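Have a look at the structure below, then the notes.
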Amino acid sequence: MSTVAPVVQPAQPTTPEGPDFEFVKSWKVTIALSIFTVLGFLLLVVFGRDGTSTMRLSTSSDLIQLPDVELPTRVTGIVITVLLLLITGVSVWLVRAKAKAPIWLIAVYAVLVLIGFLAWAAADKSIPVPGLLFGSLSLAVPLIFGALGGVISERVGVVNIAIEGQLLAGAFTSAMVASLTHQPLLGLLAAMLAGVLVSMVLAAFAIKYFVDQVIVGVVLNVLVIGLTGFLYSQVMAPNAALLNQPPRFERINIPLLSEIPIIGPVFFRQTLIVYIMYVAVAVVFYGIFHTKWGLRLRSVGEHPQAADTVGINVASTRFWNVSIAGAIVGLGGAYFTLGSVGAFGKEMTAGAGFIALAAVIFGRWDPIRATLAALLFGFASNLQNVLSIIGSPVPSEFMLMLPYLVTIFAVAGLVGQSRGPAASGKPYIKS
Amino acid sequence: MKLELRGITKKFGALVANDHINLTVEAGEIHALLGENGAGKSTLMNVLYGLYRAEEGEILLDDVVQHFAGPGDAMAAGIGMVHQHFMLIPVFTVAENVMLGHEDTKTGGRLDLAAARTHVREISDRFGFDVDPDALVEDLPVGVQQRVEIIKAVSRDAKVLVFDEPTAVLTPQETDELMAIMRQLKEAGTSIVFITHKLREVRAVADRITVIRLGAVVGEASPTATNVELATMMVGRAVDLTVDKAPAVPGDAALVVKNLSVLDAHGQVLVNNVSFEVHKGEILAIAGVQGNGQTELTEALMGLQPRVSGEITLDGKSLRGHSVRQVLEAGVGFVPEDRTEDGLVGEFTIAENLMLDRSNDEPFVKRWNVQRALLAKFAVEKVKEFDVRSQGIETPVGRLSGGNQQKVVLARELSRDLRLFVAAQPTRGLDVGSIEFVHERIVATRDAGTPVVVISTELDEVAALADRIMVMYRGRIVGIVPGDTPRAVLGLMMAGEAPAGEGAAA
């Protein structure tokens with residue numbers, strides 16, 4: 001039928017298994033490392049300082065006393081810069097050789113940068129390492145609770161921008177209830193309830209009425225800020241003795257564990273809320289990945305229609321899990337008033353909810369990774385505190401930016417193309 | 001189990017999708033539900049499966065009236081479904097997907113994955129599947145994913161199994177295997193409802209055939225009926241299943257593609273070192289199962305892919321590395337495979353859609369102003385020429401039927417001066433009438449001397465249109481063969497086997 005001479009391709013060998021891959025060269029990591037190495041060189045060598053930097057590793061109450069580490073500042077700076085240069089060189093070589101820089105290499109690099117910076121900032125001063133870490137954990141606690149709530153909520157398919165509002169509602173309610181009843185435990189319960197209530201509003205609008213989840217979340221944040229601010233100035237502040245003097249949780253030292261050098265004072269001389277947090281991280285991780293509850297939760301967040309066709313009620317699964325997430329975030333709110341500060345203050349969460357949201361994404365929707373991310377952000381915040389106390393040469397305004405800079409770099413730079421739950425943020429509308 | 005549907009009526013607003021449909025499926029029979037796209041087959045099955053609630057009618061299993069509030073109830077009653085769009089969670093393993101919704105747990109609420117794995121292995125052994133329970137579903141080829149769907153249904157002891165357009169994503173060989181599985185299930189006493197619009201498959205496997213048209217049952221047929229009889233019942237008038245087409249009169253090579261490769265963001269090679277030519281006045285059909293690089297190849301031609309290497313020249317001028325706009329201005333007409341996603345703006349009117357890719361210069365835009373009067377005149381003309389059935393040129397395109405939407409896309413692309421015409425899945429989801437129309441226009445374009453590339457996963461379409469057929473498998477060209485190559489050879493090629501000696505030399 002056709003007059004066209006057929007062109008027959010010589011049959012290429014077809015591989016039966018797996019698709020073909022070709023390495024896509026990415027210079028992103030190398031460029032980032034180069035920039036930091038140049039910055040490190042400028043700071044540690046060009047503007048290097050003389051003196052001795054002391055790192056205190058033990059607190060006075062420790063059973064086992066570790067000696068202080070003393071580093072000659074300028075030499076440390078030079079050694080660190082050389083090491084940074086070496087790692088950057090290795091990463092160039094790796095890209096050339098069509099390989100990816102392993103994550104541990106980047107981690108080593110980050111630790112080196114950190115040591116270099118600490119040594120530089122602490123010339124002729126001493127940095128209390130356990131204090132620095134203890135404070136980091138304290139600042140990370142609300143972030144971790146917030147991130148756990150965020151992970152559950154997003155895994156089930158509802159974007160939770162309202163973490164900030166849930167934290168604030170939890171902080172306010174727990175302060176008030178604990179003050180009135182003189183029972184910190186009741187305050188804790190009240191905080192969970194407050195978190196659940198905020199969550200339920202989010203869930204109802206997002207799941208039942210298909211309102212855009214981001215918008216509901218933002219509006220809820222503003223609403224809770226306004227509401228607690230109003231109640232604080234009109235009701236709480238005038239009666240502060242009655243309504244805003246909650247009893248705080250006492251620190252509990254865990255026998256033996258609290259005596260481990262460095263780790264003990266940081267992790268095992270904490271309040272009940274922090275111990276609850278350890279349990280919560282473990283339970284949420286186990287629950288999401290190893291139980292029926294978690295399997296169903298994830299299925300609803302990934303492919304709600306598939307879940308529906310095997311008889312899982314998408315709307316109610318989403319509703320109740322978002323509520324549970326709210327309860328967990330509420331606990332984080334209670335930590336502000338019952339664990340650290342000791343009284344409610346207007347807008348006291350100061351954006352912690354948004355940092356927690358960043359931790360969720362940085363942690364790739366995994367409870368353990370999100371916890372680590374929250375710890376990193378807590379560390380950045382506390383580094384700023386400690387350095388301003390010991391008197392660092394960096395302007396304090398710049399140091400205040402540090403936690404947020406770390407957040408932006410972490411989320412934008414390191415996460416790259418991470419994939420969240422496929423149906424997160426998408427309402428499930430049955431026809 | 002005997003399934004009986006009585007007087008099922010389902011409406012979506014004013015549209016009656018199912019109009020008093022009666023259907024009886026006896027235990028252990030394969031009952032084919034035949035109808036065009038949009039005839040209401042899938043709606044009916046979604047009613048059966050509890051996804052939709054019918055306004056009227058009842059469902060009986062073994063003569064007992066059932067009330068399904070949701071798919072959970074339907075499954076509990078013994079109804080299983082293999083969905084057209086697989087209801088599998090891509091990031092879960094096979095075992096997790098199979099156990100979802102009826103999970104076994106050990107102490108502490110821990111999922112009993114070991115039991116689920118054994119269960120998957122047991123069922124796969126019974127049917128001779130080779131499915132790894134620990135493989136992630138997203139890594140599996142579609143054919144295997146479908147088997148996972150079957151395992152899912154069987155693991156819930158489905159007595160009535162509905163297959164909704166199961167062959168759309170399969171190679172001919174996989175289709176044959178699926179039919180063998182269906183027969184095997186039937187032997188085991190399962191009743192099967194087989195939904196399709198492909199006549200050949202129905203006749204091969206069905207015990208009884210019920211034909212649905214426009215939401216109502218038009219009659220029963222026996223598997224011995226001829227294709228023409230079945231098609232006539234399905235469409236409601238006599239249809240011509242072949243395309244009238246004179247032998248091609250090919251001219252010089254117009255589109256020349258050399259060593260073209262396309263990578264995705266992760267470095268996966270989607271199109272692998274592909275070379276071919278398309279001559280003036282011929283239709284080259286690119287065949288292959290969905291997802292073997294055809295989509296990416298067309299996107300690379302159009303300048304829609306970012307990581308392309310190799311050469312693309314049209315009439316001697318290079319197209320590679322140019323923007324989509326430059327490619328269009330070089331005279332390439334393009335019908336994208338998903339018209340609602342890439343081809344049209346649903347909220348825009350027919351007239352606006354007709355000037356979508358000509359919004360930069362004259363005649364439709366002068367001094368940054370859209371020439372409304374001229375556009376209206378043009379639109380009226382094209383609507384008439386391409387037989388777009390609508391209330392008028394101001395109708396939003398989203399309200400048209402699939403066939404009429406596709407005619408708008410064709411009208412837009414074919415009304416420019418073309419040097420190359422690329423049509424991806426030009427008749428996907430269209431009714432028979434529209435398919436005939438689209439095919440005629442494509443052949444007319446060829447006869448006007450334009451080189452045409454048609455990408456299709458439907459062998460029938462490929463066979464009807466092609467002057468030459470190029471088969472792709474895993475991003476590579478398996479071979480380029482004449483248009484009259486037998487289906488069996490094409491089928492093997494679609495599975496990656498290079499054509500045998502005489503097929504290649506023909």
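In the structure tokens, each chain is lettered A, B, ... as it comes, each chain's residues begin at 1, and ligands are numbered from 1 in order of appearance.
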(request) Looking only at alpha helix (DSSP H) from DSSP on the backbone, list the matching residues of region 237-380 of chain B as a PyMOL selection string. (result) chain B and resi 294-302+324-329+350-354+372-380
(request) Find the spatial neighbours of region 78-90 of chain B, counting only C-alpha atoms, within a cut-off of 9 Å - ignore same-chain residues fewer than 2 positions away - and output them as a ChimeraX atom specification. (result) /A:299,302-303,305-307,309-310 /B:1,42,45,48-49,61,71,73-76,92-94,96-98,136-139,142,145-146,148-150,152-154,156-169
Output C-alpha atoms for every residue in the selection just made, as a PDB file, in the first residue's frame.
```pdb
ATOM      1  CA  SER A 299      -3.054   6.225  52.580  1.00  0.00           C
ATOM      2  CA  GLU A 302      -1.389   9.994  49.571  1.00  0.00           C
ATOM      3  CA  HIS A 303      -4.361   8.845  47.541  1.00  0.00           C
ATOM      4  CA  GLN A 305      -9.725   7.903  46.512  1.00  0.00           C
ATOM      5  CA  ALA A 306      -7.798   4.652  46.805  1.00  0.00           C
ATOM      6  CA  ALA A 307      -8.388   4.707  50.547  1.00  0.00           C
ATOM      7  CA  THR A 309     -12.372   2.364  47.589  1.00  0.00           C
ATOM      8  CA  VAL A 310     -11.092   0.009  50.273  1.00  0.00           C
TER       9      VAL A 310
ATOM     10  CA  MET B   1     -22.624 -15.275  43.032  1.00  0.00           C
ATOM     11  CA  SER B  42     -18.312   3.447  34.644  1.00  0.00           C
ATOM     12  CA  MET B  45     -20.196   0.259  38.130  1.00  0.00           C
ATOM     13  CA  LEU B  48     -22.601  -0.975  42.143  1.00  0.00           C
ATOM     14  CA  TYR B  49     -19.423  -0.411  44.102  1.00  0.00           C
ATOM     15  CA  LEU B  61     -26.792 -10.404  45.130  1.00  0.00           C
ATOM     16  CA  PRO B  71     -17.308   0.800  48.991  1.00  0.00           C
ATOM     17  CA  ASP B  73     -20.185  -2.388  52.293  1.00  0.00           C
ATOM     18  CA  ALA B  74     -19.885  -3.454  48.670  1.00  0.00           C
ATOM     19  CA  MET B  75     -16.605  -5.209  49.395  1.00  0.00           C
ATOM     20  CA  ALA B  76     -18.026  -6.915  52.447  1.00  0.00           C
ATOM     21  CA  PHE B  92       3.295   1.838  49.513  1.00  0.00           C
ATOM     22  CA  THR B  93       4.586  -1.658  48.886  1.00  0.00           C
ATOM     23  CA  VAL B  94       2.459  -4.284  47.221  1.00  0.00           C
ATOM     24  CA  GLU B  96       0.758  -2.696  52.189  1.00  0.00           C
ATOM     25  CA  ASN B  97      -1.587  -1.919  49.330  1.00  0.00           C
ATOM     26  CA  VAL B  98      -3.183  -5.342  49.504  1.00  0.00           C
ATOM     27  CA  LEU B 136       6.992  -0.255  45.785  1.00  0.00           C
ATOM     28  CA  VAL B 137       3.963   0.068  43.534  1.00  0.00           C
ATOM     29  CA  GLU B 138       5.322   3.184  41.795  1.00  0.00           C
ATOM     30  CA  ASP B 139       8.315   1.172  40.586  1.00  0.00           C
ATOM     31  CA  VAL B 142       1.382  -0.805  34.746  1.00  0.00           C
ATOM     32  CA  GLN B 145       0.141  -2.839  38.952  1.00  0.00           C
ATOM     33  CA  GLN B 146      -3.025  -4.213  37.461  1.00  0.00           C
ATOM     34  CA  VAL B 148      -1.776  -6.035  42.239  1.00  0.00           C
ATOM     35  CA  GLU B 149      -5.304  -4.680  41.835  1.00  0.00           C
ATOM     36  CA  ILE B 150      -6.518  -8.173  41.014  1.00  0.00           C
ATOM     37  CA  LYS B 152      -6.290  -6.902  46.142  1.00  0.00           C
ATOM     38  CA  ALA B 153      -9.768  -7.869  44.997  1.00  0.00           C
ATOM     39  CA  VAL B 154      -9.162 -11.609  45.293  1.00  0.00           C
ATOM     40  CA  ARG B 156     -11.043  -9.910  49.901  1.00  0.00           C
ATOM     41  CA  ASP B 157     -12.825 -12.953  48.514  1.00  0.00           C
ATOM     42  CA  ALA B 158     -14.591 -11.041  45.760  1.00  0.00           C
ATOM     43  CA  LYS B 159     -17.358 -13.156  44.233  1.00  0.00           C
ATOM     44  CA  VAL B 160     -18.269 -10.538  41.666  1.00  0.00           C
ATOM     45  CA  LEU B 161     -15.308  -8.854  40.031  1.00  0.00           C
ATOM     46  CA  VAL B 162     -15.652  -5.737  37.900  1.00  0.00           C
ATOM     47  CA  PHE B 163     -12.916  -4.885  35.402  1.00  0.00           C
ATOM     48  CA  ASP B 164     -13.270  -1.256  34.321  1.00  0.00           C
ATOM     49  CA  GLU B 165     -11.546  -0.724  30.945  1.00  0.00           C
ATOM     50  CA  PRO B 166      -8.684  -2.975  32.037  1.00  0.00           C
ATOM     51  CA  THR B 167      -6.931  -3.233  28.694  1.00  0.00           C
ATOM     52  CA  ALA B 168      -6.414   0.475  28.036  1.00  0.00           C
ATOM     53  CA  VAL B 169      -2.916   0.406  29.538  1.00  0.00           C
TER      54      VAL B 169
END
```
With 7 Å as the limit and counting only C-alpha atoms, what residues in chain B lie close to chain A? Please list them as a PDB file with N, CA and C atoms, in the first residue's frame.
```pdb
ATOM      1  N   GLY B  70     -21.229   2.627  51.151  1.00  0.00           N
ATOM      2  CA  GLY B  70     -19.902   2.996  50.639  1.00  0.00           C
ATOM      3  C   GLY B  70     -19.211   1.764  50.111  1.00  0.00           C
ATOM      4  N   PRO B  71     -18.032   1.937  49.551  1.00  0.00           N
ATOM      5  CA  PRO B  71     -17.308   0.800  48.991  1.00  0.00           C
ATOM      6  C   PRO B  71     -17.052  -0.300  50.029  1.00  0.00           C
ATOM      7  N   GLY B  72     -16.924   0.098  51.290  1.00  0.00           N
ATOM      8  CA  GLY B  72     -16.693  -0.890  52.339  1.00  0.00           C
ATOM      9  C   GLY B  72     -17.797  -1.927  52.372  1.00  0.00           C
ATOM     10  N   MET B  87      -6.412   2.085  41.858  1.00  0.00           N
ATOM     11  CA  MET B  87      -6.579   2.622  43.192  1.00  0.00           C
ATOM     12  C   MET B  87      -5.480   2.057  44.088  1.00  0.00           C
ATOM     13  N   LEU B  88      -4.254   2.381  43.735  1.00  0.00           N
ATOM     14  CA  LEU B  88      -3.111   1.899  44.504  1.00  0.00           C
ATOM     15  C   LEU B  88      -2.328   3.103  44.990  1.00  0.00           C
ATOM     16  N   ILE B  89      -1.725   2.959  46.172  1.00  0.00           N
ATOM     17  CA  ILE B  89      -0.944   4.064  46.704  1.00  0.00           C
ATOM     18  C   ILE B  89       0.501   3.885  46.266  1.00  0.00           C
ATOM     19  N   LEU B 100      -4.289  -2.874  52.990  1.00  0.00           N
ATOM     20  CA  LEU B 100      -4.955  -1.639  53.394  1.00  0.00           C
ATOM     21  C   LEU B 100      -6.476  -1.815  53.468  1.00  0.00           C
ATOM     22  N   GLY B 101      -7.037  -1.426  54.602  1.00  0.00           N
ATOM     23  CA  GLY B 101      -8.484  -1.511  54.770  1.00  0.00           C
ATOM     24  C   GLY B 101      -8.946  -2.758  55.487  1.00  0.00           C
ATOM     25  N   GLU B 103      -6.475  -4.755  57.624  1.00  0.00           N
ATOM     26  CA  GLU B 103      -5.144  -5.080  58.110  1.00  0.00           C
ATOM     27  C   GLU B 103      -5.198  -6.100  59.250  1.00  0.00           C
ATOM     28  N   GLY B 109      -0.563  -3.295  68.279  1.00  0.00           N
ATOM     29  CA  GLY B 109      -1.105  -2.655  67.086  1.00  0.00           C
ATOM     30  C   GLY B 109      -0.145  -2.711  65.914  1.00  0.00           C
ATOM     31  N   ARG B 110       0.930  -3.512  66.039  1.00  0.00           N
ATOM     32  CA  ARG B 110       1.914  -3.566  64.973  1.00  0.00           C
ATOM     33  C   ARG B 110       1.333  -4.282  63.755  1.00  0.00           C
ATOM     34  N   LEU B 111       1.554  -3.692  62.578  1.00  0.00           N
ATOM     35  CA  LEU B 111       1.047  -4.303  61.356  1.00  0.00           C
ATOM     36  C   LEU B 111       1.706  -5.656  61.139  1.00  0.00           C
ATOM     37  N   PRO B 247      -3.235   5.728  -1.049  1.00  0.00           N
ATOM     38  CA  PRO B 247      -1.825   5.502  -0.710  1.00  0.00           C
ATOM     39  C   PRO B 247      -1.094   6.828  -0.590  1.00  0.00           C
ATOM     40  N   ALA B 248      -0.142   6.862   0.291  1.00  0.00           N
ATOM     41  CA  ALA B 248       0.593   8.089   0.516  1.00  0.00           C
ATOM     42  C   ALA B 248       1.460   8.441  -0.674  1.00  0.00           C
ATOM     43  N   PRO B 250       4.604  10.269  -0.640  1.00  0.00           N
ATOM     44  CA  PRO B 250       5.574  10.992   0.191  1.00  0.00           C
ATOM     45  C   PRO B 250       6.548  11.806  -0.618  1.00  0.00           C
ATOM     46  N   HIS B 266      15.957  13.581  37.371  1.00  0.00           N
ATOM     47  CA  HIS B 266      16.767  12.663  38.161  1.00  0.00           C
ATOM     48  C   HIS B 266      17.802  11.931  37.320  1.00  0.00           C
ATOM     49  N   GLY B 267      17.883  12.279  36.049  1.00  0.00           N
ATOM     50  CA  GLY B 267      18.864  11.640  35.198  1.00  0.00           C
ATOM     51  C   GLY B 267      18.371  10.379  34.533  1.00  0.00           C
ATOM     52  N   GLN B 268      17.074  10.055  34.726  1.00  0.00           N
ATOM     53  CA  GLN B 268      16.533   8.873  34.067  1.00  0.00           C
ATOM     54  C   GLN B 268      16.377   9.168  32.582  1.00  0.00           C
ATOM     55  N   VAL B 269      16.805   8.239  31.752  1.00  0.00           N
ATOM     56  CA  VAL B 269      16.741   8.444  30.308  1.00  0.00           C
ATOM     57  C   VAL B 269      15.347   8.071  29.823  1.00  0.00           C
ATOM     58  N   ASP B 467       1.059   5.428   7.592  1.00  0.00           N
ATOM     59  CA  ASP B 467       1.759   4.986   6.396  1.00  0.00           C
ATOM     60  C   ASP B 467       2.997   4.198   6.811  1.00  0.00           C
ATOM     61  N   VAL B 478      11.979   0.437  18.675  1.00  0.00           N
ATOM     62  CA  VAL B 478      12.141  -1.004  18.450  1.00  0.00           C
ATOM     63  C   VAL B 478      12.299  -1.251  16.959  1.00  0.00           C
ATOM     64  N   GLY B 479      11.572  -0.444  16.183  1.00  0.00           N
ATOM     65  CA  GLY B 479      11.680  -0.602  14.742  1.00  0.00           C
ATOM     66  C   GLY B 479      10.712   0.323  14.043  1.00  0.00           C
ATOM     67  N   ILE B 480      10.959   0.573  12.757  1.00  0.00           N
ATOM     68  CA  ILE B 480      10.018   1.350  11.954  1.00  0.00           C
ATOM     69  C   ILE B 480       9.557   0.438  10.830  1.00  0.00           C
ATOM     70  N   VAL B 481       8.251   0.180  10.748  1.00  0.00           N
ATOM     71  CA  VAL B 481       7.726  -0.829   9.823  1.00  0.00           C
ATOM     72  C   VAL B 481       6.614  -0.220   8.979  1.00  0.00           C
ATOM     73  N   PRO B 482       6.259  -0.840   7.867  1.00  0.00           N
ATOM     74  CA  PRO B 482       5.190  -0.312   7.017  1.00  0.00           C
ATOM     75  C   PRO B 482       3.844  -0.318   7.733  1.00  0.00           C
ATOM     76  N   ALA B 498      12.338  -6.876  18.736  1.00  0.00           N
ATOM     77  CA  ALA B 498      12.593  -6.301  17.422  1.00  0.00           C
ATOM     78  C   ALA B 498      11.897  -7.164  16.372  1.00  0.00           C
ATOM     79  N   ALA B 504      10.769  -7.014   9.069  1.00  0.00           N
ATOM     80  CA  ALA B 504      11.627  -5.850   8.924  1.00  0.00           C
ATOM     81  C   ALA B 504      11.888  -5.542   7.463  1.00  0.00           C
TER      82      ALA B 504
END
```
(request) Rank nothing, just name the residue among A:Leu71, A:Ala175, A:Val46, A:Ile260 nearest to Ala240 (chain A), using only C-alpha atoms. (result) A:Ala175
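Close contacts of Ile21 (chain B), defined as residues with an atom at most 8 Å away when counting only C-alpha atoms, with chain neighbours fewer than 2 positions off set aside, comprise Leu5, Arg6, Gly7, Ile8, Thr9, Asn18, Asp19, Leu23, Gly215, Ala216 and Val217 of chain B.
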(request) Extract the full set of strand (DSSP E or B) residues from region 108-283 of chain B according to DSSP on the backbone, and format it as a VMD selection string. (result) chain B and resid 110 to 111 136 160 to 164 191 to 196 208 to 213 216 to 221 253 to 263 268 to 279 283
(request) For CA of Gly339 (chain A) and CA of Ile273 (chain A), determine how far apart the two atoms are, in Å to one decimal place. (result) 7.1 Å
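Rounded to one decimal, CA of Thr196 (chain B) and CA of Thr224 (chain B) lie 16.8 Å from each other.
Note that CA of Phe267 (chain A) and CA of Ala107 (chain A) are 22.1 Å apart.
Near Pro172 (chain B), within 8 Å and counting only C-alpha atoms, sit Thr175, Asp176 and Gly491 of chain B, not including residues fewer than 3 positions from it in the same chain.
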(message) Need to verify the contact set: region 398-401 of chain A, 12 Å, only C-alpha atoms, exclusion of same-chain residues closer than 3 positions in sequence. Can you return it as a PyMOL selection string?
(response) chain A and resi 121+377+380-389+391-395+404-408
